[in-house]
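Below is one structure, written out as structure tokens; the observations come after it.
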Amino acid sequence: MPRLLSIACLAGLLLFSACETGTPAEEPTPMITDTAAESNLLDKYTSFTLTTDLSTLTENERAMIPLLIEAGKAMNEIFWMQAYGDSEALLSEIADPNLRRFAEINYGPWDRLEANAPFIDGVGPKPAGANYYPVDMTQEEFEAAVEANPDLQSLYTMVRRGDDGALTAIPYHEYFADQMQRASELVKQASELAEDPGLKQYLELRAEALVTGEYFESDMAWMDMKDNTLDVVIGPIETYEDQIFGYKAAAEAYVLVKDRAWSDRLARYAALLPDLQTGLPVADAYKQETPGSDSDLGAYDAIYYAGDCNAGSKTIAINLPNDERVQLEKGTRRLQLKNAMQAKFDKILIPIAGILIAEDQRSHVTFDAFFGNTMFHEVAHGLGIKNTISGNGTVREALRNHASAIEEGKADVLGLYMVTKLIEQGEWDAALMDHYTTFLASIFRSIRFGTSSAHGRANLIRFNFFQEMGAFSRDEATGTYRINPDNIQPAIDALSEKILTLQGDGDYDAVQAFVDQYQQMTPQLQADLDRLASAGIPVDIVFEQGTDVLGL
Ligand code: ZN
């Protein structure tokens with residue numbers, strides 16, 4: 001984007017402190033002082049205050065919130081180190097307050113909504129492995145070293161060079177000992193206040209996990225929680241930030257309050273998974289795993305985001321845990337973050353539809369369909385298979401850096417498959433056109449996250465695939481898109497089959513070819529996205545959050 005360049009030029013040069021962690025900074029450069037320039041990079045984000053009705057909580061639960069928020073702040077610190085390096089050294093050298101704020105939103109000097117383009121002068125491209133690996137490490141070197149030291153591949157280690165220059169694996173709980181211990185103590189204190197036995201058990205085990213690096217037991221305990229109103233997700237979780245291998249888990253935290261009315265409404269869908277798995281439009285070999293029947297769905301208001309989930313585009317639904325062993329035994333929990341979704345719908349999706357969706361179809365863009373599509377996306381992560389049928393191990397291992405985008409693409413398209421089935425069966429009372437049209441508007445919303453985001457890549461791939469199949473078409477005269485009702489169903493089935501097959505085969509080269517073919521930004525699409533930007537439609541939200549806005 002042209003304005004990106006101008007901001008980078010205005011930013012001034014930065015002086016980076018030397019850092020043993022392999023911070024991806026360029027050679028130290030003399031600092032050029034201030035620019036009082038207004039940065040319009042911040043216009044990509046619109047602000048939203050994270051609150052909820054705290055009267056649904058007990059006194060003890062309200063007392064736990066500040067502890068959990070403080071624990072979340074430790075995840076913020078860890079994620080900064082994982083994504084970039086020393087945050088203080090970076091932020092203290094940025095004179096322009098808007099630009100400093102923008103760096104905070106991005107947890108580093110690279111614009112997450114712009115394929116990680118640097119927005120600070122003197123900063124080079126973002127290393128694909130972020131700060132998890134030495135910047136001078138090659139994939140070949142890593143793969144050779146893994147033979148002798150499998151811990152290098154662990155979700156929970158930083159890779160560094162030892163004194164002899166060889167790659168070593170340092171567990172997170174050692175590398176981030178201060179932060180992990182602090183978070184652990186706070187979570188432990190919260191556990192002492194917990195009244196719900198499931199929550200208490202989980203918090204005790206999670207406090208332990210943060211300082212031992214053994215997350216399995218606490219993940220299992222998290223799956224066993226059923227009646228708690230207050231919830232927290234904390235620790236190293238998602239692997240999107242590692243764009244070399246997708247191995248390393250990024251620190252994050254969410255503090256959540258359950259919306260009981262909505263949760264009850266959602267509860268029944270997980271039970272339908274086994275049937276839906278059987279009906280998937282793919283050969284039997286690719287649907288031979290049985291989805292966990294213990295899976296559950298809930299609606300929550302988020303009251304705090306920290307670390308990975310708070311970087312760049314904000315998560316609106318959670319599907320965890322990621323550990324395949326827990327998934328096979330207990331399924332997953334799917335948490336819809338209702339207040340964050342409402343913010344994105346009102347402030348971003350409706351304005352996008354106003355520009356890019358055909359006028360006569362615009363009324364089909366509804367919050368209920370947006371909520372439903374996101375919910376079914378999360379449920380659909382439980383469909384398909386986790387292990388390849390070709391002896392290539394888990395799908396995640398086999399597809400490496402493409403695993404996340406392909407998995408997100410699977411969940412998106414199978415979510416549509418699900419809603420279609422459930423409406424046919426009378427299980428979900430809604431108009432299919434609402435779901436399809438809202439889905440189309442959402443594709444534009446998500447492509448704007450850029451190709452550094454797994455969701456952005458998944459949506460770009462799907463846009464091109466659907467366009468090729470005529471699922472929607474563009475009207476030249478108005479510059480708007482419309483769903484073609486006759487073509488969308490075959491497109492959903494075809495893409496579902498394609499992705500499920502790619503995952504089951506675990507054939508990395510075939511996935512690479514698929515990505516190369518469909519992950520293309522066409523000039524027409526770019527021009528349409530530029531219209532959204534020039535209309536001033538924000539790309540995503542940032543949160544006003546914490547104990548102050550909660551009145552605690
Ligand atoms: Zn997902």
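All residue names refer to the structure tokens as shown: chains lettered A, B, ... in order, residues numbered from 1 in each chain, ligands numbered from 1 in order.
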
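Near ligand 1, at a distance of at most 8 Å and with only C-alpha atoms and all ligand atoms counted, sit the residues Ala317, Ile318, Asn319, His377, Glu378, His381, Glu407, Glu408, Ala411, Asp412 and His455 of chain A.
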
May I have the residues from that selection written out with C-alpha atoms, as a PDB file, in the first residue's frame?
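Full text of part_39.pdb as output:
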ATOM      1  CA  ALA A 317     -13.870 -18.054  18.350  1.00  0.00           C
ATOM      2  CA  ILE A 318     -11.668 -20.560  20.093  1.00  0.00           C
ATOM      3  CA  ASN A 319     -11.411 -24.271  19.414  1.00  0.00           C
ATOM      4  CA  HIS A 377     -16.527 -23.158  11.628  1.00  0.00           C
ATOM      5  CA  GLU A 378     -15.425 -24.057  15.139  1.00  0.00           C
ATOM      6  CA  HIS A 381     -12.568 -28.273  13.156  1.00  0.00           C
ATOM      7  CA  GLU A 407      -7.079 -26.423   8.555  1.00  0.00           C
ATOM      8  CA  GLU A 408      -8.767 -23.013   8.736  1.00  0.00           C
ATOM      9  CA  ALA A 411     -13.233 -25.433   8.996  1.00  0.00           C
ATOM     10  CA  ASP A 412     -14.679 -22.570   6.947  1.00  0.00           C
ATOM     11  CA  HIS A 455      -7.276 -17.067   8.036  1.00  0.00           C
TER      12      HIS A 455
END

Just want the 12 Å neighbourhood of range 487-496 of chain A, counted on only C-alpha atoms, with same-chain residues fewer than 6 positions away dropped. Output as number ranges by chain. A: 279-283, 286-287, 380, 383-384, 406-421, 432-433, 435-437, 439-440, 458, 461-473, 502-503, 514, 518

Those residues you just picked out, can you put them in a file as a compact mmCIF listing (two decimals), in the first residue's frame with N, CA and C atoms?
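Saved result, out_34.txt, follows:
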# COMPACT_ATOMS: atom_id res chain seq x y z
N GLY A 279 -21.45 -38.10 6.82
CA GLY A 279 -22.00 -37.55 5.58
C GLY A 279 -21.04 -36.68 4.79
N LEU A 280 -19.80 -36.52 5.25
CA LEU A 280 -18.86 -35.63 4.55
C LEU A 280 -18.70 -36.04 3.08
N PRO A 281 -18.63 -35.04 2.19
CA PRO A 281 -18.53 -35.35 0.76
C PRO A 281 -17.12 -35.76 0.34
N VAL A 282 -16.65 -36.89 0.87
CA VAL A 282 -15.31 -37.37 0.55
C VAL A 282 -15.29 -38.88 0.72
N ALA A 283 -14.31 -39.53 0.11
CA ALA A 283 -14.22 -41.00 0.21
C ALA A 283 -14.08 -41.43 1.67
N TYR A 286 -11.13 -41.01 4.19
CA TYR A 286 -10.78 -39.69 4.70
C TYR A 286 -11.70 -39.23 5.83
N LYS A 287 -12.59 -40.10 6.24
CA LYS A 287 -13.47 -39.74 7.37
C LYS A 287 -13.58 -40.88 8.35
N ALA A 380 -16.66 -27.47 12.97
CA ALA A 380 -16.12 -28.20 11.82
C ALA A 380 -14.64 -28.53 11.98
N LEU A 383 -14.37 -32.11 12.51
CA LEU A 383 -14.66 -33.05 11.42
C LEU A 383 -13.38 -33.37 10.65
N GLY A 384 -13.47 -34.40 9.80
CA GLY A 384 -12.30 -34.79 9.01
C GLY A 384 -11.37 -35.64 9.84
N ILE A 406 -4.63 -24.50 5.76
CA ILE A 406 -5.47 -25.56 5.21
C ILE A 406 -6.53 -25.97 6.24
N GLU A 407 -6.12 -26.05 7.50
CA GLU A 407 -7.08 -26.42 8.55
C GLU A 407 -8.16 -25.35 8.71
N GLU A 408 -7.77 -24.08 8.65
CA GLU A 408 -8.77 -23.01 8.74
C GLU A 408 -9.69 -23.05 7.52
N GLY A 409 -9.11 -23.32 6.36
CA GLY A 409 -9.92 -23.42 5.14
C GLY A 409 -10.91 -24.57 5.24
N LYS A 410 -10.44 -25.67 5.82
CA LYS A 410 -11.33 -26.82 6.03
C LYS A 410 -12.50 -26.42 6.92
N ALA A 411 -12.18 -25.77 8.03
CA ALA A 411 -13.23 -25.43 9.00
C ALA A 411 -14.24 -24.46 8.38
N ASP A 412 -13.76 -23.52 7.59
CA ASP A 412 -14.68 -22.57 6.95
C ASP A 412 -15.66 -23.29 6.02
N VAL A 413 -15.12 -24.12 5.14
CA VAL A 413 -15.99 -24.71 4.12
C VAL A 413 -16.86 -25.81 4.72
N LEU A 414 -16.31 -26.58 5.68
CA LEU A 414 -17.15 -27.60 6.31
C LEU A 414 -18.19 -26.97 7.24
N GLY A 415 -17.91 -25.77 7.71
CA GLY A 415 -18.92 -25.04 8.48
C GLY A 415 -20.14 -24.76 7.62
N LEU A 416 -19.90 -24.40 6.37
CA LEU A 416 -21.01 -24.17 5.43
C LEU A 416 -21.72 -25.48 5.10
N TYR A 417 -20.92 -26.52 4.93
CA TYR A 417 -21.50 -27.85 4.69
C TYR A 417 -22.44 -28.21 5.84
N MET A 418 -21.97 -27.96 7.08
CA MET A 418 -22.77 -28.30 8.26
C MET A 418 -24.08 -27.53 8.30
N VAL A 419 -23.98 -26.22 8.08
CA VAL A 419 -25.18 -25.41 8.22
C VAL A 419 -26.21 -25.82 7.16
N THR A 420 -25.71 -26.18 5.98
CA THR A 420 -26.60 -26.65 4.93
C THR A 420 -27.33 -27.92 5.39
N LYS A 421 -26.57 -28.86 5.93
CA LYS A 421 -27.16 -30.12 6.41
C LYS A 421 -28.17 -29.88 7.54
N LEU A 432 -30.75 -20.27 4.30
CA LEU A 432 -29.43 -20.58 3.75
C LEU A 432 -28.79 -19.39 3.07
N MET A 433 -29.61 -18.60 2.39
CA MET A 433 -29.06 -17.44 1.68
C MET A 433 -28.39 -16.47 2.66
N HIS A 435 -26.79 -17.32 5.32
CA HIS A 435 -25.48 -17.89 5.64
C HIS A 435 -24.50 -17.72 4.48
N TYR A 436 -24.97 -17.98 3.28
CA TYR A 436 -24.07 -17.87 2.12
C TYR A 436 -23.63 -16.42 1.89
N THR A 437 -24.59 -15.50 1.95
CA THR A 437 -24.25 -14.11 1.66
C THR A 437 -23.36 -13.52 2.75
N PHE A 439 -21.38 -15.23 4.54
CA PHE A 439 -20.10 -15.90 4.33
C PHE A 439 -19.28 -15.17 3.27
N LEU A 440 -19.93 -14.78 2.19
CA LEU A 440 -19.22 -14.07 1.12
C LEU A 440 -18.67 -12.74 1.63
N ALA A 458 -6.41 -18.69 3.93
CA ALA A 458 -7.51 -19.63 3.69
C ALA A 458 -8.62 -18.96 2.90
N ILE A 461 -7.60 -18.29 -0.81
CA ILE A 461 -7.70 -19.55 -1.56
C ILE A 461 -9.16 -19.85 -1.90
N ARG A 462 -10.02 -19.69 -0.93
CA ARG A 462 -11.43 -20.02 -1.14
C ARG A 462 -12.09 -19.05 -2.11
N PHE A 463 -11.73 -17.78 -2.01
CA PHE A 463 -12.28 -16.79 -2.94
C PHE A 463 -12.01 -17.24 -4.38
N ASN A 464 -10.76 -17.58 -4.66
CA ASN A 464 -10.40 -17.94 -6.03
C ASN A 464 -11.04 -19.26 -6.47
N PHE A 465 -11.09 -20.21 -5.54
CA PHE A 465 -11.71 -21.50 -5.85
C PHE A 465 -13.21 -21.31 -6.14
N PHE A 466 -13.88 -20.56 -5.28
CA PHE A 466 -15.32 -20.32 -5.46
C PHE A 466 -15.61 -19.51 -6.73
N GLN A 467 -14.74 -18.55 -6.99
CA GLN A 467 -14.95 -17.75 -8.19
C GLN A 467 -14.84 -18.62 -9.44
N GLU A 468 -13.83 -19.49 -9.42
CA GLU A 468 -13.64 -20.41 -10.55
C GLU A 468 -14.86 -21.31 -10.75
N MET A 469 -15.50 -21.69 -9.65
CA MET A 469 -16.68 -22.57 -9.74
C MET A 469 -17.98 -21.78 -9.92
N GLY A 470 -17.88 -20.47 -10.04
CA GLY A 470 -19.08 -19.67 -10.25
C GLY A 470 -20.01 -19.59 -9.04
N ALA A 471 -19.45 -19.82 -7.83
CA ALA A 471 -20.28 -19.76 -6.62
C ALA A 471 -20.81 -18.35 -6.41
N PHE A 472 -20.04 -17.39 -6.88
CA PHE A 472 -20.50 -16.01 -6.85
C PHE A 472 -20.00 -15.34 -8.12
N SER A 473 -20.54 -14.18 -8.42
CA SER A 473 -20.03 -13.45 -9.58
C SER A 473 -19.99 -11.96 -9.26
N LEU A 502 -6.45 -33.56 0.62
CA LEU A 502 -5.08 -33.06 0.82
C LEU A 502 -4.61 -33.35 2.24
N GLN A 503 -5.50 -33.16 3.20
CA GLN A 503 -5.11 -33.41 4.59
C GLN A 503 -4.85 -34.89 4.84
N PHE A 514 -1.43 -26.70 -4.68
CA PHE A 514 -2.78 -26.15 -4.48
C PHE A 514 -2.70 -24.70 -4.00
N TYR A 518 -4.07 -21.28 -5.95
CA TYR A 518 -5.23 -20.50 -5.51
C TYR A 518 -4.93 -19.32 -4.59

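Each of A:Glu195, A:Asp530, A:Asp507, A:Asp540 was compared to Met64 in chain A using only C-alpha atoms, and A:Glu195 turns out to be the nearest.
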
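In this structure, CA of Met81 in chain A sits 20.6 Å away from CA of Tyr215 in chain A.
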
Backbone DSSP call of helix (DSSP H, G or I) for range 241-364 of chain A, listed as a PyMOL selection string: chain A and resi 260-266+270-278+284-287+308-310+324-330+338-356+359-364

Restricting the calculation to only C-alpha atoms: of A:Ala128, A:Ala533, A:Ala169, A:Leu328, which residue gets closest to Ala148 in chain A? A:Ala169

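For the choices A:Ala261, A:Leu460, A:Ala311, A:Ala207, the atom-to-atom distance to Tyr84 in chain A is smallest for A:Ala311 when using only C-alpha atoms.
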